[in-house]
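As stored in structure_0.txt (compact mmCIF, C-alpha atoms and all ligand atoms):
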# COMPACT_ATOMS: atom_id res chain seq x y z
CA MET A 1 96.18 183.68 -45.90
CA GLU A 2 99.93 184.34 -46.02
CA SER A 3 99.97 183.97 -49.80
CA LEU A 4 97.32 186.68 -50.15
CA LEU A 5 99.66 189.14 -48.45
CA SER A 6 102.62 187.89 -50.43
CA TYR A 7 104.40 190.14 -52.91
CA GLU A 8 106.28 187.24 -54.48
CA GLY A 9 106.73 187.76 -58.21
CA LYS A 10 105.60 191.37 -57.94
CA ARG A 11 107.32 194.53 -59.15
CA ALA A 12 106.61 197.49 -56.86
CA VAL A 13 107.38 201.18 -57.33
CA VAL A 14 107.65 203.31 -54.17
CA THR A 15 107.99 207.09 -54.21
CA GLY A 16 109.53 208.66 -51.10
CA ALA A 17 111.32 205.44 -50.16
CA TYR A 18 114.38 207.06 -48.54
CA SER A 19 112.99 207.67 -45.04
CA GLY A 20 109.93 207.44 -42.79
CA ILE A 21 106.86 205.54 -43.99
CA GLY A 22 108.40 204.75 -47.39
CA ALA A 23 111.53 203.20 -45.86
CA ALA A 24 109.39 201.12 -43.47
CA LEU A 25 107.29 200.00 -46.44
CA VAL A 26 110.36 198.89 -48.39
CA GLU A 27 111.34 196.70 -45.45
CA LEU A 28 107.88 195.11 -45.25
CA LEU A 29 107.77 194.60 -49.02
CA ARG A 30 111.12 192.78 -48.78
CA GLN A 31 109.79 190.60 -45.96
CA SER A 32 106.70 189.87 -48.07
CA GLY A 33 108.86 188.54 -50.88
CA ALA A 34 108.61 191.40 -53.39
CA ASP A 35 110.52 190.50 -56.49
CA GLN A 36 111.63 193.95 -57.52
CA ILE A 37 111.38 197.21 -55.60
CA VAL A 38 111.98 200.43 -57.53
CA ALA A 39 112.48 203.63 -55.52
CA LEU A 40 111.74 207.12 -56.83
CA ASP A 41 113.13 209.80 -54.52
CA ILE A 42 115.39 212.83 -54.43
CA LYS A 43 117.61 210.84 -52.02
CA GLU A 44 118.97 207.35 -52.63
CA PRO A 45 117.70 204.78 -50.10
CA GLU A 46 120.54 203.17 -48.17
CA SER A 47 119.23 199.62 -48.53
CA GLY A 48 116.40 197.35 -49.56
CA VAL A 49 115.64 198.51 -53.08
CA ASP A 50 116.64 196.87 -56.36
CA GLU A 51 116.59 200.02 -58.44
CA TYR A 52 116.85 203.70 -57.58
CA ILE A 53 115.65 206.31 -60.03
CA GLU A 54 116.57 209.79 -58.85
CA THR A 55 113.29 211.69 -59.16
CA ASP A 56 111.98 215.04 -58.06
CA MET A 57 108.23 214.50 -57.87
CA GLY A 58 107.75 218.26 -58.07
CA ASN A 59 109.37 218.51 -61.50
CA PRO A 60 107.48 217.24 -64.58
CA VAL A 61 110.67 216.63 -66.57
CA SER A 62 112.01 214.46 -63.75
CA VAL A 63 108.70 212.57 -63.38
CA ASP A 64 108.65 211.91 -67.14
CA ALA A 65 112.25 210.66 -67.03
CA ALA A 66 111.29 208.30 -64.20
CA LEU A 67 108.32 207.05 -66.23
CA ALA A 68 110.64 206.34 -69.16
CA ALA A 69 113.12 204.53 -66.89
CA ILE A 70 110.36 202.41 -65.33
CA SER A 71 109.02 201.49 -68.77
CA ALA A 72 112.48 200.64 -70.11
CA ASN A 73 112.18 197.43 -68.10
CA ASP A 74 109.90 195.08 -70.01
CA ARG A 75 108.22 193.91 -66.79
CA ALA A 76 105.00 195.75 -65.99
CA VAL A 77 104.54 197.34 -62.58
CA ASP A 78 102.20 195.44 -60.25
CA VAL A 79 101.91 197.93 -57.40
CA LEU A 80 102.57 201.68 -57.30
CA PHE A 81 102.94 203.35 -53.90
CA ASN A 82 102.66 207.15 -54.19
CA ASN A 83 104.14 207.99 -50.82
CA ALA A 84 106.50 210.97 -51.35
CA GLY A 85 105.31 214.14 -49.69
CA VAL A 86 106.54 217.38 -48.18
CA ALA A 87 105.25 219.69 -45.44
CA ALA A 88 104.33 223.36 -45.53
CA THR A 89 107.74 224.41 -44.27
CA LEU A 90 108.30 224.57 -48.05
CA PRO A 91 106.43 227.05 -50.29
CA ALA A 92 102.80 226.18 -51.15
CA ASP A 93 103.74 225.89 -54.83
CA THR A 94 106.34 223.20 -54.02
CA VAL A 95 103.95 221.36 -51.70
CA MET A 96 101.29 221.23 -54.41
CA ARG A 97 103.79 220.12 -57.07
CA VAL A 98 105.21 217.26 -55.01
CA ASN A 99 102.10 216.15 -53.12
CA ILE A 100 99.56 216.17 -55.94
CA LEU A 101 100.74 217.37 -59.35
CA GLY A 102 103.64 214.90 -59.52
CA LEU A 103 101.57 212.10 -57.99
CA LYS A 104 98.84 212.64 -60.58
CA ARG A 105 101.29 212.81 -63.51
CA LEU A 106 103.09 209.63 -62.48
CA THR A 107 99.85 207.74 -61.85
CA ASN A 108 97.91 208.86 -64.93
CA ASN A 109 100.80 207.82 -67.17
CA LEU A 110 101.73 204.58 -65.43
CA LEU A 111 98.22 203.25 -64.73
CA PRO A 112 97.40 202.14 -68.31
CA LYS A 113 100.67 200.18 -68.47
CA MET A 114 100.35 198.43 -65.12
CA GLN A 115 99.79 194.72 -64.73
CA SER A 116 96.11 193.82 -64.46
CA GLY A 117 95.39 192.56 -60.95
CA GLY A 118 97.71 195.17 -59.47
CA ALA A 119 97.07 198.19 -57.27
CA ILE A 120 97.92 201.82 -56.63
CA VAL A 121 98.17 203.05 -53.04
CA ASN A 122 98.56 206.72 -52.13
CA THR A 123 99.75 208.16 -48.86
CA ALA A 124 97.21 210.90 -48.19
CA SER A 125 96.55 212.26 -44.67
CA VAL A 126 93.81 213.04 -42.17
CA ALA A 127 94.78 216.60 -43.12
CA GLY A 128 92.75 215.98 -46.28
CA ASN A 129 89.54 214.90 -44.54
CA ARG A 130 87.73 218.16 -45.24
CA TRP A 131 87.67 217.67 -49.01
CA PRO A 132 83.82 217.77 -49.20
CA GLU A 133 84.00 221.51 -48.45
CA HIS A 134 86.06 222.13 -51.60
CA LEU A 135 84.96 219.36 -53.96
CA ALA A 136 83.94 221.63 -56.85
CA GLN A 137 87.26 223.50 -56.78
CA ILE A 138 89.27 220.29 -56.37
CA ASN A 139 87.46 218.74 -59.34
CA ALA A 140 88.26 221.82 -61.42
CA PHE A 141 91.95 221.63 -60.43
CA LEU A 142 92.28 217.86 -60.98
CA GLY A 143 90.57 218.25 -64.37
CA ILE A 144 93.48 220.35 -65.67
CA ASP A 145 95.77 218.21 -67.82
CA SER A 146 98.63 220.59 -68.42
CA TRP A 147 101.29 220.86 -65.70
CA ASP A 148 101.88 224.58 -66.28
CA GLU A 149 98.15 225.33 -66.16
CA GLY A 150 97.91 223.35 -62.92
CA VAL A 151 100.73 225.41 -61.42
CA ALA A 152 99.02 228.61 -62.64
CA TRP A 153 95.72 227.46 -61.04
CA VAL A 154 97.54 227.03 -57.73
CA ALA A 155 98.92 230.59 -57.98
CA ASP A 156 95.48 231.97 -58.92
CA ASN A 157 93.79 230.24 -55.96
CA GLU A 158 96.17 231.36 -53.24
CA ALA A 159 93.53 231.79 -50.52
CA LEU A 160 92.02 228.33 -51.07
CA VAL A 161 95.37 226.54 -51.42
CA ALA A 162 96.72 228.38 -48.34
CA ASP A 163 99.94 226.68 -47.15
CA GLY A 164 99.34 223.85 -49.63
CA TYR A 165 99.48 220.90 -47.23
CA PHE A 166 95.82 220.48 -46.25
CA PHE A 167 94.60 221.30 -49.75
CA SER A 168 97.10 218.96 -51.45
CA LYS A 169 95.99 216.08 -49.23
CA GLU A 170 92.31 216.87 -49.91
CA CYS A 171 93.24 216.58 -53.59
CA VAL A 172 94.95 213.20 -53.00
CA GLN A 173 91.82 211.83 -51.30
CA VAL A 174 89.55 213.09 -54.10
CA TYR A 175 91.97 211.88 -56.81
CA THR A 176 91.90 208.41 -55.20
CA MET A 177 88.12 208.24 -55.45
CA LEU A 178 87.95 209.84 -58.91
CA THR A 179 90.44 207.35 -60.37
CA ALA A 180 88.81 204.20 -58.98
CA LYS A 181 86.61 203.72 -62.07
CA THR A 182 89.56 204.07 -64.46
CA ALA A 183 91.50 201.65 -62.29
CA THR A 184 88.68 199.10 -62.53
CA ALA A 185 88.68 199.43 -66.32
CA HIS A 186 92.34 198.33 -66.28
CA GLY A 187 91.84 195.52 -63.76
CA LEU A 188 93.48 197.60 -61.02
CA ARG A 189 92.49 199.15 -57.68
CA ILE A 190 93.43 202.53 -56.18
CA ASN A 191 93.16 203.45 -52.51
CA SER A 192 94.87 205.67 -49.98
CA VAL A 193 96.07 205.51 -46.44
CA CYS A 194 95.27 208.60 -44.34
CA PRO A 195 97.66 208.81 -41.40
CA SER A 196 97.36 211.02 -38.33
CA PRO A 197 100.75 212.24 -36.94
CA VAL A 198 103.52 209.71 -37.55
CA ASP A 199 106.95 209.62 -35.94
CA THR A 200 109.07 210.28 -39.04
CA PRO A 201 111.61 212.94 -40.08
CA LEU A 202 108.65 214.99 -41.32
CA LEU A 203 106.94 215.31 -37.93
CA PRO A 204 109.00 218.30 -36.69
CA ALA A 205 107.92 220.17 -39.83
CA PHE A 206 104.27 219.53 -38.97
CA ARG A 207 104.90 220.66 -35.38
CA GLU A 208 106.35 223.87 -36.85
CA THR A 209 103.50 224.54 -39.30
CA MET A 210 100.52 223.21 -37.28
CA THR A 211 101.78 223.83 -33.70
CA ASP A 212 102.71 221.32 -30.97
CA GLU A 213 99.29 221.85 -29.40
CA ILE A 214 97.38 220.56 -32.45
CA ILE A 215 99.76 217.67 -33.14
CA ASP A 216 99.76 216.50 -29.49
CA TRP A 217 95.97 216.89 -29.34
CA ALA A 218 95.55 214.73 -32.49
CA ILE A 219 97.82 212.06 -30.97
CA GLU A 220 96.03 212.10 -27.60
CA SER A 221 92.59 212.10 -29.30
CA GLY A 222 93.49 208.88 -31.12
CA ALA A 223 95.59 206.02 -29.80
CA GLY A 224 97.40 208.13 -27.19
CA ARG A 225 100.71 207.28 -28.81
CA VAL A 226 102.16 208.63 -32.00
CA ALA A 227 101.93 206.26 -35.00
CA THR A 228 105.15 204.60 -36.12
CA ALA A 229 106.19 204.52 -39.75
CA GLU A 230 105.58 200.77 -39.63
CA ASP A 231 101.97 201.24 -38.42
CA GLN A 232 101.36 203.12 -41.66
CA ALA A 233 103.45 200.81 -43.85
CA ARG A 234 101.39 197.80 -42.68
CA ALA A 235 98.21 199.45 -43.97
CA LEU A 236 99.91 200.37 -47.25
CA LEU A 237 101.10 196.77 -47.62
CA PHE A 238 97.57 195.48 -47.04
CA LEU A 239 95.96 197.81 -49.61
CA GLY A 240 98.57 196.92 -52.23
CA SER A 241 98.12 193.19 -51.65
CA ASP A 242 95.58 190.62 -52.83
CA LEU A 243 94.06 190.65 -49.33
CA ALA A 244 92.40 193.90 -50.41
CA SER A 245 91.12 192.43 -53.70
CA TYR A 246 87.70 194.15 -53.53
CA VAL A 247 88.80 197.40 -51.89
CA ASN A 248 88.77 200.27 -54.39
CA GLY A 249 88.40 204.05 -54.13
CA VAL A 250 88.79 204.02 -50.35
CA ASN A 251 90.62 206.55 -48.20
CA LEU A 252 91.55 204.38 -45.22
CA LEU A 253 92.00 206.29 -41.97
CA VAL A 254 95.02 204.93 -40.12
CA ASP A 255 94.78 207.27 -37.18
CA GLY A 256 94.39 205.22 -34.00
CA GLY A 257 90.74 206.29 -33.75
CA TYR A 258 91.37 210.06 -33.95
CA ASN A 259 88.75 210.74 -36.62
CA ALA A 260 86.14 208.50 -34.96
CA ALA A 261 86.53 210.40 -31.70
CA LEU A 262 86.29 213.73 -33.54
CA GLN A 263 83.22 212.75 -35.59
CA MET A 264 81.45 211.33 -32.52
CA GLY A 265 82.03 214.53 -30.58
CA GLN A 266 84.18 212.75 -27.99
CA VAL A 267 86.96 215.27 -28.53
CA THR A 268 86.94 218.86 -29.74
CA LEU A 269 89.58 220.98 -31.40
CA PRO A 270 91.63 223.00 -28.87
CA GLY A 271 90.07 226.43 -28.45
CA GLN A 272 86.55 225.32 -29.48
N1 LIG B 301 104.70 212.06 -40.65
C1 LIG B 301 103.42 212.38 -40.51
O1 LIG B 301 102.97 212.82 -39.44
C2 LIG B 301 102.46 212.22 -41.67
C3 LIG B 301 101.08 212.33 -41.42
C4 LIG B 301 100.19 212.19 -42.49
C5 LIG B 301 100.68 211.95 -43.77
N2 LIG B 301 102.04 211.85 -43.97
C6 LIG B 301 102.50 211.60 -45.34
O2 LIG B 301 103.32 210.47 -45.37
C7 LIG B 301 104.16 210.52 -46.53
C8 LIG B 301 105.57 210.09 -46.15
O3 LIG B 301 106.10 211.04 -45.26
P1 LIG B 301 106.95 210.67 -43.98
O4 LIG B 301 106.18 211.13 -42.81
O5 LIG B 301 107.41 209.27 -44.06
O6 LIG B 301 108.16 211.70 -44.11
P2 LIG B 301 109.65 211.55 -44.69
O7 LIG B 301 110.15 212.93 -44.85
O8 LIG B 301 110.42 210.59 -43.85
O9 LIG B 301 109.40 210.88 -46.10
C9 LIG B 301 109.16 211.61 -47.27
C10 LIG B 301 109.92 210.95 -48.41
O10 LIG B 301 109.67 211.72 -49.58
C11 LIG B 301 110.92 212.03 -50.19
N3 LIG B 301 110.78 213.28 -50.93
C12 LIG B 301 110.72 214.55 -50.43
N4 LIG B 301 110.62 215.43 -51.44
C13 LIG B 301 110.60 214.71 -52.59
C14 LIG B 301 110.53 215.05 -53.96
N5 LIG B 301 110.46 216.33 -54.36
N6 LIG B 301 110.55 214.06 -54.87
C15 LIG B 301 110.65 212.74 -54.49
N7 LIG B 301 110.74 212.38 -53.21
C16 LIG B 301 110.71 213.34 -52.27
C17 LIG B 301 111.90 212.14 -49.03
O11 LIG B 301 113.25 212.04 -49.45
C18 LIG B 301 111.44 210.97 -48.17
O12 LIG B 301 111.99 209.75 -48.60
C19 LIG B 301 104.04 211.94 -47.07
O13 LIG B 301 103.20 211.93 -48.19
C20 LIG B 301 103.38 212.69 -45.92
O14 LIG B 301 102.64 213.80 -46.35
C21 LIG B 301 102.93 211.96 -42.96
The structure given in the file should be rewritten as structure tokens.
Amino acid sequence: MESLLSYEGKRAVVTGAYSGIGAALVELLRQSGADQIVALDIKEPESGVDEYIETDMGNPVSVDAALAAISANDRAVDVLFNNAGVAATLPADTVMRVNILGLKRLTNNLLPKMQSGGAIVNTASVAGNRWPEHLAQINAFLGIDSWDEGVAWVADNEALVADGYFFSKECVQVYTMLTAKTATAHGLRINSVCPSPVDTPLLPAFRETMTDEIIDWAIESGAGRVATAEDQARALLFLGSDLASYVNGVNLLVDGGYNAALQMGQVTLPGQ
């Protein structure tokens, strides 16, 4: 069993590895014997990684430079963790660039070069659970190849995109499902983890943009304690490992039961 969770001999790329869930993941990857951990972030992780490539996931030139640096190593990537993300304390355009446009660019370009048998794991969010309401529009957006046209689409769909956070995470969930077939064709899998509120440096930003009332309600509706970064990293580790060998195209709720309680009508949104 232990060997199925092992990352021995594997090369892993982690975006957003400096703090929070990404930093916790790097620690677990180390403990699981990962051979090489490559971090893509705007900030350099203090420890745990073998290679740091300074990358702004919201900038296509920077993402392309990271892709070139990753490929300069003749070892293929086994597991890609698309974890970097920002909250709506930043402009919607930035949120969409970092949370989905950069993620999609990195993944679409890296996927064909990845080691067969490997996996891609995205950090989405329960904030993206309402994607079925916007599937047609999300499909239209994700179908745009050009970065600049994608950015223009975001500007043209201001009302739908709103503050960018919920919509970007809906896009990540849909992208995960849409890409599962392509992943299969390359001998890979792609899944996401969908956290409810997590105690990381990003949580105050969510309290600011979504209110304390909503965040505390989501925590109380689920496990009654806020998730730790490690709670989320454990699920990421699982989905990237051989333990999840037949799991593909899944958005895994890691929310302490929050969504179950909501769907079963055991809790209702404040004010409803
Ligand atoms: N904290 C929560 O409550 C929560 C809930 C659901 C989903 N998430 C998601 O979890 C992921 C990780 O967030 P976290 O909570 O650990 O917060 P965090 O702020 O600790 O981590 C985000 C990481 O992304 C990096 N980053 C920020 N902007 C970047 C950019 N432009 N390019 C590259 N890297 C960049 C940061 O330096 C940091 O290492 C995000 O995708 C976030 O949306 C978080």
Worksheet item: Hey, which of A:Thr179, A:Ser196, A:Asn108, A:Thr15 ends up closest to A:Val126? Count all atoms listed in the file.
Response: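 The answer is A:Ser196, which sits nearest to A:Val126.
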Report the centre and edge lengths, in Å to one decimal, of an axis-aligned box enclosing every atom of ligand LIG 301 (chain B) listed in the file, padded by 3 Å on each side, as lines of an AutoDock Vina configuration file.
center_x = 106.7
center_y = 212.8
center_z = -47.2
size_x = 19.1
size_y = 13.1
size_z = 21.4
Worksheet item: Which residue, A:Asp199, A:Glu2, A:Asp74, A:Glu149, has the smallest gap to A:Lys113 when you use all atoms listed in the file?
Response: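 Closest candidate: A:Asp74.
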Worksheet item: If we count all atoms listed in the file, what is near A:Leu252 at a cut-off of 8 Å, once residues fewer than 6 positions away on the same chain are taken out, given as a list in words?
Response: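 Everything that qualifies: Asn191, Ser192, Val193 and Cys194 of chain A.
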Worksheet entry | atom CA of A:Gly265 to atom CA of A:Ser168, straight-line distance in Å |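 Answer for the atom CA of A:Ser168 to atom CA of A:Gly265 separation: 26.1 Å.
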Worksheet item: In terms of the shortest atom-to-atom distance over all atoms listed in the file, which of A:Pro270, A:Pro201, A:Pro91, A:Gly187 is closest to ligand LIG 301 (chain B)?
Response: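 Closest residue, counting all atoms listed in the file: A:Pro201.
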Item to complete: Measuring atom to atom with all atoms listed in the file, identify which of A:Ala136, A:Leu237, A:Met264, A:Ala223 is nearest to A:Gly22.
Response: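 Closest residue, counting all atoms listed in the file: A:Leu237.
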Item to complete: Provide the atom CA of A:Pro197 to atom CA of A:Thr107 distance in Å, to one decimal place.
Response: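 Between atom CA of A:Pro197 and atom CA of A:Thr107 the gap works out to 25.3 Å.
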Fill in: Near-ligand residues for ligand LIG 301 (chain B), threshold 6 Å, only C-alpha atoms and all ligand atoms, as a ChimeraX atom specification
/A:16-22,41-43,55-58,83-86,98,123-125,195-203
Discussion item. Just to confirm, what's the straight-line distance from atom CA of A:Ser32 to atom CA of A:Lys10 in Å (one decimal)?
Written reply: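 Atom-to-atom, atom CA of A:Ser32 and atom CA of A:Lys10 are spaced 10.0 Å apart.
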Discussion item. Taking 6 positions as the minimum chain separation for residues in the same chain, which residues sit within 8 Å of A:Val172 when counting all atoms listed in the file? Answer as a ChimeraX atom specification.
Written reply: /A:99-100,122,124,128
Just-selected residues, C-alpha atoms written as a short mmCIF file (atom, residue, chain, number, x, y, z; two decimals), in the frame of the given file:
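Saved as result.cif:
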data_model
loop_
_atom_site.label_atom_id
_atom_site.label_comp_id
_atom_site.auth_asym_id
_atom_site.auth_seq_id
_atom_site.Cartn_x
_atom_site.Cartn_y
_atom_site.Cartn_z
CA ASN A 99 102.10 216.15 -53.12
CA ILE A 100 99.56 216.17 -55.94
CA ASN A 122 98.56 206.72 -52.13
CA ALA A 124 97.21 210.90 -48.19
CA GLY A 128 92.75 215.98 -46.28
#
Worksheet item: Taking only C-alpha atoms into account, which of A:Lys169, A:Arg189, A:Arg207, A:Arg11 comes nearest A:His134?
Response: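 Comparing A:Lys169, A:Arg189, A:Arg207, A:Arg11 against A:His134, the winner is A:Lys169.
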Worksheet item: Using all atoms listed in the file, which of A:Leu253, A:Val79, A:Leu25, A:Ile138 sits nearest A:Gly117?
Response: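 Among A:Leu253, A:Val79, A:Leu25, A:Ile138, it is A:Val79 that comes nearest to A:Gly117.
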Item to complete: Excluding A:Val95 and residues on its chain fewer than 6 positions from it, collect all residues at most 12 Å away from it, counting all atoms listed in the file, and give them as JSON, numbers by chain.
Response: {"A": [57, 58, 59, 84, 85, 86, 87, 88, 89, 101, 102, 103, 151, 154, 161, 162, 163, 164, 165, 166, 167, 168, 169, 171]}
Slice of the block: stretch 49-105 of chain A, C-alpha atoms, as a JSON list (two decimals), in the first residue's frame:
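See selection.json below for the written result:
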[["chain", "number", "residue", "atom", "x", "y", "z"],
["A", 49, "VAL", "CA", 12.12, 22.17, -3.39],
["A", 50, "ASP", "CA", 14.92, 21.12, -5.73],
["A", 51, "GLU", "CA", 14.33, 23.79, -8.33],
["A", 52, "TYR", "CA", 12.59, 27.16, -8.24],
["A", 53, "ILE", "CA", 11.44, 28.79, -11.45],
["A", 54, "GLU", "CA", 10.21, 32.31, -10.80],
["A", 55, "THR", "CA", 6.84, 32.36, -12.58],
["A", 56, "ASP", "CA", 3.89, 34.70, -12.71],
["A", 57, "MET", "CA", 1.01, 32.41, -13.65],
["A", 58, "GLY", "CA", -0.94, 35.46, -14.79],
["A", 59, "ASN", "CA", 1.60, 36.37, -17.47],
["A", 60, "PRO", "CA", 1.83, 34.24, -20.65],
["A", 61, "VAL", "CA", 5.46, 35.19, -21.31],
["A", 62, "SER", "CA", 6.39, 34.04, -17.81],
["A", 63, "VAL", "CA", 4.39, 30.79, -18.15],
["A", 64, "ASP", "CA", 6.10, 30.07, -21.49],
["A", 65, "ALA", "CA", 9.52, 30.73, -19.94],
["A", 66, "ALA", "CA", 8.66, 28.28, -17.14],
["A", 67, "LEU", "CA", 7.60, 25.69, -19.72],
["A", 68, "ALA", "CA", 10.93, 26.10, -21.50],
["A", 69, "ALA", "CA", 12.85, 25.79, -18.21],
["A", 70, "ILE", "CA", 10.92, 22.65, -17.23],
["A", 71, "SER", "CA", 11.57, 21.09, -20.63],
["A", 72, "ALA", "CA", 15.28, 21.99, -20.55],
["A", 73, "ASN", "CA", 15.65, 19.09, -18.11],
["A", 74, "ASP", "CA", 15.57, 15.88, -20.11],
["A", 75, "ARG", "CA", 13.46, 14.13, -17.45],
["A", 76, "ALA", "CA", 9.74, 14.21, -18.17],
["A", 77, "VAL", "CA", 7.34, 15.48, -15.52],
["A", 78, "ASP", "CA", 5.36, 12.76, -13.74],
["A", 79, "VAL", "CA", 2.92, 14.88, -11.74],
["A", 80, "LEU", "CA", 1.79, 18.48, -12.23],
["A", 81, "PHE", "CA", 0.02, 20.22, -9.35],
["A", 82, "ASN", "CA", -1.74, 23.40, -10.52],
["A", 83, "ASN", "CA", -2.22, 24.95, -7.11],
["A", 84, "ALA", "CA", -1.40, 28.69, -7.46],
["A", 85, "GLY", "CA", -4.40, 30.93, -7.00],
["A", 86, "VAL", "CA", -5.40, 34.41, -5.90],
["A", 87, "ALA", "CA", -8.52, 35.89, -4.30],
["A", 88, "ALA", "CA", -10.84, 38.64, -5.47],
["A", 89, "THR", "CA", -9.02, 41.25, -3.42],
["A", 90, "LEU", "CA", -7.16, 41.55, -6.75],
["A", 91, "PRO", "CA", -8.88, 42.75, -9.95],
["A", 92, "ALA", "CA", -11.10, 40.20, -11.74],
["A", 93, "ASP", "CA", -8.78, 40.29, -14.76],
["A", 94, "THR", "CA", -5.82, 39.22, -12.59],
["A", 95, "VAL", "CA", -7.86, 36.52, -10.84],
["A", 96, "MET", "CA", -8.90, 35.04, -14.19],
["A", 97, "ARG", "CA", -5.35, 35.20, -15.58],
["A", 98, "VAL", "CA", -3.76, 33.45, -12.60],
["A", 99, "ASN", "CA", -6.53, 31.03, -11.65],
["A", 100, "ILE", "CA", -7.50, 29.73, -15.08],
["A", 101, "LEU", "CA", -5.74, 31.25, -18.09],
["A", 102, "GLY", "CA", -2.24, 30.49, -16.76],
["A", 103, "LEU", "CA", -3.30, 27.09, -15.43],
["A", 104, "LYS", "CA", -4.74, 26.15, -18.82],
["A", 105, "ARG", "CA", -1.69, 27.40, -20.75]]
